[in-house]
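> Compact mmCIF, C-alpha atoms, file my_file32.txt:
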```txt
# COMPACT_ATOMS: atom_id res chain seq x y z
CA MET W 17 73.58 3.14 43.51
CA PRO W 18 77.08 2.23 42.36
CA VAL W 19 79.32 0.38 44.81
CA PRO W 20 83.13 0.38 44.87
CA ALA W 21 84.51 -2.67 43.03
CA ARG W 22 86.59 -4.58 45.58
CA PHE W 23 88.55 -7.75 45.06
CA ILE W 24 86.63 -10.88 46.30
CA LEU W 25 83.76 -8.77 47.66
CA HIS W 26 82.42 -7.46 44.35
CA GLU W 27 78.66 -7.05 44.51
CA THR W 28 78.35 -8.92 47.81
CA ILE W 29 79.37 -5.65 49.44
CA ARG W 30 75.71 -4.71 49.22
CA ASN W 31 75.08 -7.18 52.03
CA LEU W 32 76.27 -4.31 54.23
CA TYR W 33 72.83 -2.76 53.84
CA PHE W 34 71.17 -5.86 55.31
CA HIS W 35 73.52 -7.78 57.59
CA VAL W 36 75.03 -4.93 59.62
CA PRO W 37 71.80 -2.98 60.28
CA MET W 38 70.09 -6.25 61.32
CA TRP W 39 72.65 -6.83 64.05
CA PHE W 40 72.38 -3.17 65.09
CA THR W 41 68.61 -3.59 65.34
CA MET W 42 68.99 -6.77 67.36
CA ILE W 43 71.36 -5.06 69.81
CA LEU W 44 68.90 -2.15 70.10
CA LEU W 45 65.92 -4.44 70.76
CA PHE W 46 67.79 -6.59 73.31
CA SER W 47 69.03 -3.46 75.10
CA ILE W 48 65.48 -2.09 75.37
CA SER W 49 64.42 -5.48 76.70
CA VAL W 50 67.09 -5.36 79.43
CA VAL W 51 65.94 -1.88 80.44
CA ASN W 52 62.39 -3.23 80.73
CA SER W 53 63.60 -6.16 82.80
CA ILE W 54 65.29 -3.78 85.23
CA MET W 55 62.10 -1.69 85.32
CA TYR W 56 60.07 -4.82 86.03
CA LEU W 57 62.26 -5.82 88.97
CA ASN W 58 61.89 -2.32 90.42
CA LYS W 59 58.21 -1.69 89.76
CA GLN W 60 56.72 -5.23 89.57
CA ASP W 61 54.36 -3.95 86.88
CA GLU W 62 53.05 -6.47 84.35
CA LYS W 63 53.38 -4.14 81.35
CA TYR W 64 57.19 -4.21 81.62
CA ASP W 65 57.10 -8.01 81.51
CA VAL W 66 55.11 -7.98 78.26
CA ARG W 67 57.58 -5.50 76.82
CA GLN W 68 60.72 -7.39 77.80
CA SER W 69 59.53 -10.66 76.28
CA GLU W 70 58.23 -9.10 73.05
CA TYR W 71 61.39 -7.06 72.47
CA ILE W 72 63.33 -10.29 72.82
CA ASN W 73 61.06 -12.11 70.36
CA ALA W 74 61.46 -9.32 67.80
CA GLY W 75 65.21 -9.22 68.47
CA LEU W 76 65.48 -12.96 67.88
CA LEU W 77 63.89 -12.53 64.46
CA PHE W 78 66.61 -10.05 63.54
CA ALA W 79 69.30 -12.28 65.04
CA VAL W 80 68.21 -15.15 62.80
CA CYS W 81 68.03 -12.86 59.75
CA GLY W 82 71.46 -11.46 60.60
CA LEU W 83 72.87 -14.98 60.85
CA LEU W 84 71.31 -16.03 57.54
CA THR W 85 72.50 -12.97 55.60
CA GLY W 86 75.93 -13.37 57.17
CA MET W 87 76.07 -17.04 56.17
CA LEU W 88 75.01 -16.27 52.61
CA TRP W 89 77.69 -13.59 52.37
CA ALA W 90 80.32 -15.88 53.86
CA ARG W 91 79.48 -18.58 51.32
CA TYR W 92 80.45 -16.25 48.45
CA THR W 93 83.43 -14.48 50.00
CA TRP W 94 85.05 -17.03 52.35
CA GLY W 95 83.71 -20.05 50.47
CA ALA W 96 82.03 -21.58 53.51
CA TRP W 97 78.65 -21.20 55.20
CA TRP W 98 80.15 -21.23 58.66
CA VAL W 99 83.65 -21.08 60.15
CA PHE W 100 83.79 -22.85 63.48
CA THR W 101 87.00 -21.36 64.78
CA ASP W 102 85.97 -17.76 64.32
CA PRO W 103 85.26 -15.87 67.58
CA LYS W 104 82.76 -13.45 66.04
CA LEU W 105 80.71 -16.25 64.51
CA ASN W 106 80.84 -18.26 67.72
CA GLY W 107 79.76 -15.17 69.61
CA ALA W 108 76.76 -14.74 67.34
CA ALA W 109 75.79 -18.40 67.70
CA ILE W 110 76.10 -18.32 71.49
CA LEU W 111 74.06 -15.14 71.64
CA CYS W 112 71.24 -16.83 69.72
CA LEU W 113 71.44 -19.89 72.00
CA GLU W 114 71.23 -17.64 75.03
CA TYR W 115 68.04 -15.93 73.92
CA PHE W 116 66.44 -19.17 72.74
CA ALA W 117 67.17 -20.45 76.25
CA TYR W 118 65.33 -17.37 77.53
CA VAL W 119 62.28 -18.32 75.46
CA ILE W 120 62.40 -21.91 76.76
CA LEU W 121 62.73 -20.64 80.33
CA ARG W 122 59.60 -18.53 79.91
CA GLY W 123 57.77 -21.52 78.49
CA SER W 124 58.65 -23.74 81.43
CA ILE W 125 57.16 -21.54 84.17
CA THR W 126 53.39 -21.47 84.56
CA ASP W 127 52.90 -18.90 87.29
CA GLU W 128 52.78 -15.45 85.66
CA ARG W 129 54.54 -13.50 88.39
CA THR W 130 57.30 -16.06 88.85
CA LYS W 131 57.73 -16.19 85.08
CA ALA W 132 58.09 -12.41 84.87
CA LYS W 133 60.52 -12.24 87.77
CA VAL W 134 62.70 -15.19 86.81
CA SER W 135 62.91 -14.24 83.15
CA SER W 136 63.81 -10.65 84.07
CA VAL W 137 66.63 -11.95 86.23
CA TYR W 138 67.88 -14.29 83.51
CA ASN W 139 67.63 -11.55 80.89
CA ILE W 140 69.84 -9.20 82.91
CA PHE W 141 72.23 -12.01 83.84
CA ALA W 142 72.53 -13.12 80.21
CA ALA W 143 73.00 -9.56 78.95
CA ALA W 144 75.77 -8.95 81.48
CA SER W 145 77.56 -12.07 80.33
CA ILE W 146 77.00 -11.16 76.66
CA ILE W 147 78.92 -7.90 77.06
CA PRO W 148 82.34 -9.54 77.46
CA LEU W 149 81.38 -12.02 74.74
CA ILE W 150 80.71 -9.33 72.16
CA PHE W 151 83.08 -6.59 73.19
CA ILE W 152 86.11 -8.32 74.77
CA ILE W 153 86.72 -11.76 73.28
CA PRO W 154 86.58 -10.90 69.55
CA ARG W 155 89.19 -8.23 70.17
CA LEU W 156 91.54 -10.67 71.87
CA THR W 157 91.78 -12.98 68.89
CA ASP W 158 92.01 -12.91 65.15
CA SER W 159 88.91 -13.21 63.09
CA LEU W 160 87.99 -13.51 59.44
CA HIS W 161 85.21 -11.04 59.98
CA PRO W 162 85.64 -7.53 58.55
CA GLY W 163 86.92 -5.19 61.24
CA ASN W 164 89.02 -7.87 63.00
CA GLY W 165 92.44 -9.44 62.73
CA GLY W 166 93.77 -7.10 60.06
CA ASN W 167 90.65 -7.29 57.90
CA PRO W 168 89.44 -3.76 57.37
CA ALA W 169 86.00 -2.83 58.56
CA PHE W 170 83.95 -1.46 55.75
CA SER W 171 84.00 2.00 57.20
CA SER W 172 87.78 2.40 56.94
CA TYR W 173 88.05 2.64 53.19
CA ASP W 174 85.41 0.52 51.52
CA LEU W 175 82.49 2.61 52.52
CA ASP W 176 82.49 5.43 50.03
CA ASN W 177 79.94 8.21 49.99
CA HIS W 178 77.56 6.39 47.69
CA MET W 179 77.36 3.51 50.11
CA ARG W 180 76.92 5.84 53.06
CA MET W 181 73.90 7.32 51.33
CA VAL W 182 72.26 3.90 51.41
CA PHE W 183 73.77 2.52 54.61
CA TYR W 184 72.63 5.15 57.10
CA PRO W 185 69.01 5.21 55.90
CA ALA W 186 69.12 1.39 55.92
CA VAL W 187 70.19 1.41 59.58
CA ILE W 188 67.38 3.80 60.49
CA GLY W 189 64.90 1.80 58.40
CA TRP W 190 65.75 -1.60 59.88
CA MET W 191 65.71 -0.20 63.41
CA SER W 192 62.31 1.40 62.85
CA LEU W 193 61.04 -1.85 61.38
CA GLY W 194 62.27 -3.75 64.46
CA LEU W 195 60.69 -1.29 66.87
CA TRP W 196 57.45 -1.38 64.88
CA ILE W 197 57.30 -5.21 64.95
CA ALA W 198 57.97 -5.19 68.69
CA TYR W 199 55.33 -2.48 69.21
CA ILE W 200 52.67 -4.45 67.33
CA ARG W 201 53.50 -7.63 69.22
CA ILE W 202 53.22 -5.78 72.53
CA ARG W 203 49.81 -4.44 71.54
CA ILE W 204 48.61 -7.90 70.50
CA LYS W 205 49.85 -9.38 73.77
CA ASN W 206 48.15 -6.67 75.83
CA LEU W 207 44.86 -7.26 73.98
CA GLU W 208 45.14 -11.01 74.54
CA ASN W 209 45.72 -10.42 78.25
CA LYS W 210 42.72 -8.14 78.38
CA ILE W 211 40.50 -10.76 76.71
CA LEU W 212 41.76 -13.39 79.16
CA GLU W 213 40.93 -11.12 82.08
CA ASN W 214 37.40 -10.45 80.81
CA ASN W 215 36.59 -14.13 80.35
CA MET O 10 75.88 -8.42 104.18
CA ASP O 11 77.59 -9.76 107.25
CA LEU O 12 80.88 -11.62 107.05
CA ARG O 13 80.24 -13.56 110.23
CA VAL O 14 76.88 -14.83 108.97
CA ILE O 15 78.40 -15.73 105.61
CA TYR O 16 81.10 -17.67 107.42
CA GLU O 17 78.51 -19.52 109.53
CA LEU O 18 76.44 -20.41 106.46
CA PHE O 19 79.57 -21.52 104.67
CA LYS O 20 80.58 -23.67 107.64
CA LYS O 21 77.10 -25.21 107.60
CA GLU O 22 77.55 -26.19 103.94
CA ILE O 23 80.87 -27.85 104.74
CA ILE O 24 79.46 -29.68 107.77
CA LEU O 25 76.47 -30.90 105.73
CA GLU O 26 78.81 -32.05 103.01
CA LEU O 27 81.06 -33.91 105.44
CA ARG O 28 78.07 -35.51 107.13
CA GLN O 29 76.36 -36.72 103.96
CA LYS O 30 79.46 -37.16 101.77
CA TYR O 31 77.08 -37.19 98.87
CA ALA O 32 78.02 -34.40 96.45
CA LEU O 33 81.76 -34.69 96.58
CA ASN O 34 81.86 -38.48 96.46
CA GLY O 35 79.31 -38.65 93.68
CA ILE O 36 81.25 -36.13 91.63
CA LEU O 37 84.54 -37.92 92.28
CA LEU O 38 83.04 -41.17 91.09
CA TYR O 39 81.75 -39.38 88.01
CA VAL O 40 85.20 -37.89 87.29
CA PHE O 41 86.97 -41.21 87.61
CA SER O 42 84.48 -43.21 85.58
CA THR O 43 84.66 -40.60 82.81
CA LEU O 44 88.44 -40.70 82.95
CA TYR O 45 88.37 -44.47 82.74
CA ILE O 46 86.11 -44.36 79.66
CA ILE O 47 88.38 -41.78 78.03
CA PHE O 48 91.36 -43.98 78.84
CA ILE O 49 89.75 -47.08 77.35
CA GLY O 50 88.68 -45.12 74.28
CA PHE O 51 91.91 -43.29 73.55
CA GLN O 52 94.74 -45.16 75.37
CA LYS O 53 97.03 -42.24 74.50
CA ILE O 54 95.91 -38.66 73.90
CA THR O 55 97.53 -35.59 72.42
CA PRO O 56 98.16 -32.54 74.64
CA GLU O 57 95.33 -30.65 72.87
CA ALA O 58 92.88 -33.43 73.65
CA TRP O 59 94.22 -33.59 77.23
CA ILE O 60 93.42 -29.92 77.85
CA THR O 61 90.04 -30.02 76.14
CA LEU O 62 88.87 -33.23 77.83
CA TYR O 63 90.05 -31.90 81.18
CA TRP O 64 87.83 -28.84 80.92
CA ILE O 65 84.88 -30.84 79.59
CA VAL O 66 85.12 -33.21 82.57
CA ILE O 67 85.28 -30.21 84.92
CA LEU O 68 82.33 -28.60 83.13
CA PHE O 69 79.99 -31.54 83.65
CA ALA O 70 81.24 -32.19 87.16
CA SER O 71 80.52 -28.59 88.10
CA VAL O 72 77.04 -28.66 86.57
CA ASN O 73 76.27 -31.40 89.08
CA ALA O 74 77.96 -29.52 91.90
CA GLY O 75 76.12 -26.31 91.05
CA ALA O 76 72.73 -28.00 90.73
CA LYS O 77 73.02 -29.06 94.35
CA SER O 78 73.08 -25.48 95.62
CA PHE O 79 69.43 -24.63 94.93
CA ILE O 80 67.72 -27.26 92.79
CA GLN O 81 68.39 -30.22 95.05
CA GLU O 82 67.83 -28.35 98.32
CA GLY O 83 64.48 -29.10 99.89
CA LYS O 84 61.83 -26.39 99.76
CA GLY O 85 61.49 -26.40 103.53
CA ARG O 86 65.18 -25.96 104.14
CA LEU O 87 65.37 -23.02 101.71
CA LEU O 88 62.45 -21.44 103.53
CA TYR O 89 64.38 -21.84 106.77
CA TYR O 90 67.46 -20.10 105.32
CA TYR O 91 65.34 -17.23 104.10
CA GLY O 92 63.89 -16.94 107.57
CA ILE O 93 67.22 -16.67 109.34
CA SER O 94 69.35 -14.69 106.92
CA SER O 95 69.41 -12.07 104.18
CA PRO O 96 69.63 -13.09 100.50
CA GLU O 97 73.05 -11.46 100.05
CA ASN O 98 74.54 -13.65 102.75
CA ILE O 99 72.99 -16.78 101.28
CA ILE O 100 74.19 -16.22 97.72
CA LEU O 101 77.71 -15.26 98.84
CA SER O 102 78.07 -18.29 101.10
CA LYS O 103 76.79 -20.58 98.32
CA LEU O 104 79.18 -18.95 95.85
CA LEU O 105 82.12 -19.38 98.20
CA TYR O 106 81.23 -23.00 98.91
CA ASN O 107 80.75 -23.89 95.24
CA CYS O 108 83.96 -22.11 94.31
CA ILE O 109 85.94 -24.18 96.81
CA LEU O 110 84.10 -27.39 95.86
CA ILE O 111 84.85 -26.92 92.15
CA ALA O 112 88.46 -25.95 92.90
CA VAL O 113 88.85 -29.20 94.88
CA ILE O 114 87.23 -31.16 92.03
CA SER O 115 89.55 -29.60 89.47
CA VAL O 116 92.62 -30.43 91.56
CA ILE O 117 91.45 -34.03 91.94
CA ALA O 118 90.62 -34.29 88.24
CA PHE O 119 94.07 -32.90 87.49
CA ILE O 120 95.63 -35.65 89.61
CA GLY O 121 93.43 -38.16 87.79
CA PHE O 122 94.61 -36.91 84.41
CA LEU O 123 98.22 -37.08 85.65
CA VAL O 124 97.78 -40.69 86.69
CA PHE O 125 96.01 -41.82 83.52
CA PHE O 126 97.63 -39.73 80.81
CA GLY O 127 100.78 -38.16 82.25
CA ASN O 128 101.59 -34.49 82.54
CA VAL O 129 101.31 -32.00 79.69
CA VAL O 130 101.48 -28.81 81.74
CA ASP O 131 104.81 -26.99 81.48
CA LYS O 132 103.95 -24.10 83.74
CA PRO O 133 102.20 -25.51 86.82
CA TRP O 134 101.82 -22.14 88.56
CA ASN O 135 100.13 -20.61 85.55
CA PHE O 136 97.86 -23.61 85.36
CA ALA O 137 97.03 -23.26 89.07
CA ILE O 138 95.95 -19.65 88.51
CA ILE O 139 93.88 -20.71 85.51
CA MET O 140 92.24 -23.46 87.57
CA LEU O 141 91.41 -20.99 90.34
CA LEU O 142 89.91 -18.43 87.92
CA GLY O 143 88.07 -21.22 86.12
CA SER O 144 86.49 -22.62 89.26
CA THR O 145 85.42 -19.15 90.41
CA GLY O 146 83.74 -18.47 87.07
CA LEU O 147 82.06 -21.86 86.84
CA ALA O 148 80.88 -21.60 90.45
CA GLY O 149 79.47 -18.11 89.84
CA VAL O 150 77.50 -19.07 86.77
CA PHE O 151 76.22 -22.41 88.06
CA THR O 152 75.15 -21.04 91.45
CA MET O 153 73.11 -18.26 89.89
CA VAL O 154 71.66 -20.42 87.11
CA SER O 155 70.76 -23.07 89.67
CA ALA O 156 68.83 -20.41 91.60
CA ILE O 157 67.05 -19.36 88.39
CA ALA O 158 66.31 -22.91 87.23
CA SER O 159 64.99 -23.99 90.64
CA LYS O 160 62.00 -21.71 90.04
CA ALA O 161 60.96 -23.55 86.88
CA ARG O 162 59.75 -27.03 86.02
CA GLY O 163 62.20 -29.57 84.60
CA SER O 164 65.01 -27.73 86.24
CA ALA O 165 67.77 -30.27 85.56
CA THR O 166 67.46 -29.87 81.77
CA LEU O 167 66.91 -26.16 82.12
CA MET O 168 70.10 -25.86 84.14
CA THR O 169 72.24 -26.97 81.19
CA ILE O 170 70.25 -24.99 78.61
CA LEU O 171 70.50 -21.79 80.61
CA SER O 172 74.08 -22.10 81.76
CA PHE O 173 75.91 -23.37 78.67
CA PRO O 174 75.56 -20.23 76.53
CA VAL O 175 76.89 -18.23 79.48
CA ILE O 176 79.69 -20.66 80.19
CA ILE O 177 80.97 -21.34 76.63
CA PRO O 178 82.94 -18.08 76.26
CA GLN O 179 84.60 -18.68 79.63
CA LEU O 180 85.43 -22.22 78.67
CA LEU O 181 86.96 -21.10 75.36
CA LEU O 182 89.20 -18.67 77.24
CA LEU O 183 90.11 -21.34 79.78
CA ILE O 184 91.07 -23.84 77.08
CA LYS O 185 93.10 -21.22 75.26
CA LEU O 186 94.94 -20.20 78.43
CA SER O 187 95.58 -23.80 79.44
CA ARG O 188 97.05 -24.53 76.03
CA ARG O 189 99.53 -21.75 76.63
CA ALA O 190 100.32 -23.12 80.09
CA ALA O 191 100.96 -26.45 78.38
CA GLY O 192 103.52 -24.80 76.13
CA MET O 193 101.36 -24.84 73.01
CA ALA O 194 101.50 -21.52 71.21
CA ILE O 195 98.30 -20.36 69.58
CA SER O 196 100.20 -19.01 66.59
CA ASN O 197 103.86 -19.27 65.65
CA ILE O 198 104.76 -15.83 66.86
CA ASN O 199 102.81 -15.65 70.09
CA PHE O 200 104.46 -17.34 73.07
CA ASP O 201 103.36 -15.16 75.99
CA ILE O 202 101.17 -16.70 78.68
CA GLY O 203 98.17 -14.61 77.66
CA TYR O 204 97.82 -11.73 80.10
CA LYS O 205 95.01 -10.29 77.99
CA GLU O 206 93.00 -13.51 78.27
CA LEU O 207 93.70 -13.76 82.01
CA ILE O 208 92.42 -10.23 82.53
CA GLY O 209 89.42 -10.95 80.30
CA LEU O 210 88.59 -14.04 82.33
CA ALA O 211 88.95 -12.16 85.62
CA CYS O 212 86.63 -9.44 84.27
CA ILE O 213 83.98 -12.01 83.30
CA ASN O 214 84.22 -13.59 86.76
CA LEU O 215 83.84 -10.22 88.42
CA ILE O 216 80.80 -9.35 86.29
CA VAL O 217 79.15 -12.70 87.04
CA VAL O 218 79.69 -12.41 90.80
CA ILE O 219 78.52 -8.78 90.99
CA VAL O 220 75.44 -9.45 88.85
CA SER O 221 74.51 -12.53 90.90
CA PHE O 222 74.93 -10.52 94.08
CA MET O 223 72.67 -7.77 92.77
CA LEU O 224 69.98 -9.99 91.22
CA PHE O 225 69.59 -12.75 93.80
CA PRO O 226 67.56 -10.63 96.28
CA TYR O 227 64.87 -10.24 93.58
CA LEU O 228 64.82 -13.94 92.89
CA TRP O 229 64.95 -15.66 96.24
CA ARG O 230 61.41 -15.36 97.58
CA ASP O 231 58.22 -16.62 95.96
```
Is it possible to express this structure as structure tokens?

Amino acid sequence: MPVPARFILHETIRNLYFHVPMWFTMILLFSISVVNSIMYLNKQDEKYDVRQSEYINAGLLFAVCGLLTGMLWARYTWGAWWVFTDPKLNGAAILCLEYFAYVILRGSITDERTKAKVSSVYNIFAAASIIPLIFIIPRLTDSLHPGNGGNPAFSSYDLDNHMRMVFYPAVIGWMSLGLWIAYIRIRIKNLENKILENN
Amino acid sequence: MDLRVIYELFKKEIILELRQKYALNGILLYVFSTLYIIFIGFQKITPEAWITLYWIVILFASVNAGAKSFIQEGKGRLLYYYGISSPENIILSKLLYNCILIAVISVIAFIGFLVFFGNVVDKPWNFAIIMLLGSTGLAGVFTMVSAIASKARGSATLMTILSFPVIIPQLLLLIKLSRRAAGMAISNINFDIGYKELIGLACINLIVVIVSFMLFPYLWRD
């Protein structure tokens, strides 16, 4: 598929098919996880606990991939792997820290019911504090990132119809891949729990 | 939720504090020893460093203050609170107490910074509002995270791991706002005091308090 030739971006524009859908997938997986956390607190059913933790694990995979593809792209367009003053990049880093903290929290509690309850609470608390981080702060300040501070988002004029033909299927594909990974992990976890119960 | 009960619980926290004089004095000693080290290290600091160090000192002081609210409370005493009151009352009274404690700490740290490094703040009233919003936000996050971390092993380490990602965005806003109150423009064209950031900070505080209020009842009992 041909891509529009843009100054500085050149062929790196194809990163759009990887980086952006990965973050979309991560947001999708983390949102499903929050819904499951809320369900757990209401129903106290163990299956929701398995789901919330596995959606987070799958989401973290996509967060790391999103970070890596973003860094690679930034190296060729901005000339640096990471820009420490940029609110969008800081937001992404903090988001990863937050969910790694979630994993550590789960590891540090031995009692299953306490673990499920406490991690549900932290998941909802973290998600609520992520909302201003992602949706308010980057809009208050300038950013190098496309779509902020006068930099056009790709959709405004870069994304021509050829790219759309790849981009939308890529979004659907990455999201399905994320859901599939999470689904398999949930099944593995359920089987492991069943084996533990039988022994 | 009962305002009278919240007030009684809040009064109890104050009385306990005045009787033991442990948290506040410990934190004050921490603030002044840190200040002294900064003073020995730097002798003179730029206004940017002043603002940043001020908020870092407040950050670590309020981690200690927040940890006291659930982690360092005895199991038996928590059980007693749960017996006599509803979780909403407990979390609100703890929030209120921590908010006032951190506000007092930030005022004292401010005086400390004045004594050691002189004043950099041009607009004291703006800075007072920022301090108030900052202490509310820090208190909200640390109270809730302390409640979460108290359920796990190694809670002191966990407290920082869990709270810092939540607190960093707030702290960035606070530093940015304080720079404006100190007369430092973020860019050459932008000299306003940052209403957008103030509103953003207030929104974050509101979210944190509401979410803590809603989630604590699920968390409190084993």
> Leaving out O:Cys108 and any residue of its chain fewer than 2 positions from it, which residues lie within 12 Å of it when counting all atoms listed in the file, given as a ChimeraX atom specification?
/O:19,71,74-75,78,100-106,110-115,140-152,214,218
> Dump as a list in words the residues of chain W that approach chain O to within 6 Å, counting only C-alpha atoms.
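The contacting residues on chain W are Ile110, Glu114, Ala117, Ser124 and Ile125 of chain W.
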> Considering all atoms listed in the file, state which residue in the set O:Glu97, O:Arg86, O:Glu26, O:Gly92 is at the smallest distance from O:Pro226.
O:Glu97
> Taking (63.8, -9.3, 82.8) in the coordinates of the supplied file, I want to know which residues reach to within 10 Å of it, counting only C-alpha atoms; could you give the answer as a CSV table (one decimal) with C-alpha atoms, in the frame of the given file?

```csv
chain,number,residue,atom,x,y,z
W,49,SER,CA,64.4,-5.5,76.7
W,50,VAL,CA,67.1,-5.4,79.4
W,51,VAL,CA,65.9,-1.9,80.4
W,52,ASN,CA,62.4,-3.2,80.7
W,53,SER,CA,63.6,-6.2,82.8
W,54,ILE,CA,65.3,-3.8,85.2
W,55,MET,CA,62.1,-1.7,85.3
W,56,TYR,CA,60.1,-4.8,86.0
W,57,LEU,CA,62.3,-5.8,89.0
W,64,TYR,CA,57.2,-4.2,81.6
W,65,ASP,CA,57.1,-8.0,81.5
W,66,VAL,CA,55.1,-8.0,78.3
W,67,ARG,CA,57.6,-5.5,76.8
W,68,GLN,CA,60.7,-7.4,77.8
W,69,SER,CA,59.5,-10.7,76.3
W,118,TYR,CA,65.3,-17.4,77.5
W,131,LYS,CA,57.7,-16.2,85.1
W,132,ALA,CA,58.1,-12.4,84.9
W,133,LYS,CA,60.5,-12.2,87.8
W,134,VAL,CA,62.7,-15.2,86.8
W,135,SER,CA,62.9,-14.2,83.2
W,136,SER,CA,63.8,-10.6,84.1
W,137,VAL,CA,66.6,-12.0,86.2
W,138,TYR,CA,67.9,-14.3,83.5
W,139,ASN,CA,67.6,-11.6,80.9
W,140,ILE,CA,69.8,-9.2,82.9
W,141,PHE,CA,72.2,-12.0,83.8
W,142,ALA,CA,72.5,-13.1,80.2
W,143,ALA,CA,73.0,-9.6,79.0
```
> Using only C-alpha atoms, which of O:Glu57, O:Glu17, O:Asp131, O:Glu82 sits nearest O:Ala32?
O:Glu82
> How far is it from atom CA of O:Gln81 to atom CA of W:Ala144, in Å with one decimal?
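Rounded to one decimal, the two atoms are 26.3 Å apart.
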> Rank W:Arg122, W:Arg129, W:Lys59, W:His161 by their smallest atom-to-atom distance to W:Val99, using only C-alpha atoms, and report the top residue only.
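Using only C-alpha atoms, the shortest distance to W:Val99 belongs to W:His161.
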> Distance atom CA of W:Ile204-atom CA of W:Val119, one decimal place?
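Atom CA of W:Val119 lies 17.9 Å from atom CA of W:Ile204.
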> Would you mind reading off the distance between atom CA of O:Tyr204 and atom CA of O:Ala118, one decimal, in Å?
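If I compute the distance from atom CA of O:Tyr204 to atom CA of O:Ala118, I get 25.0 Å.
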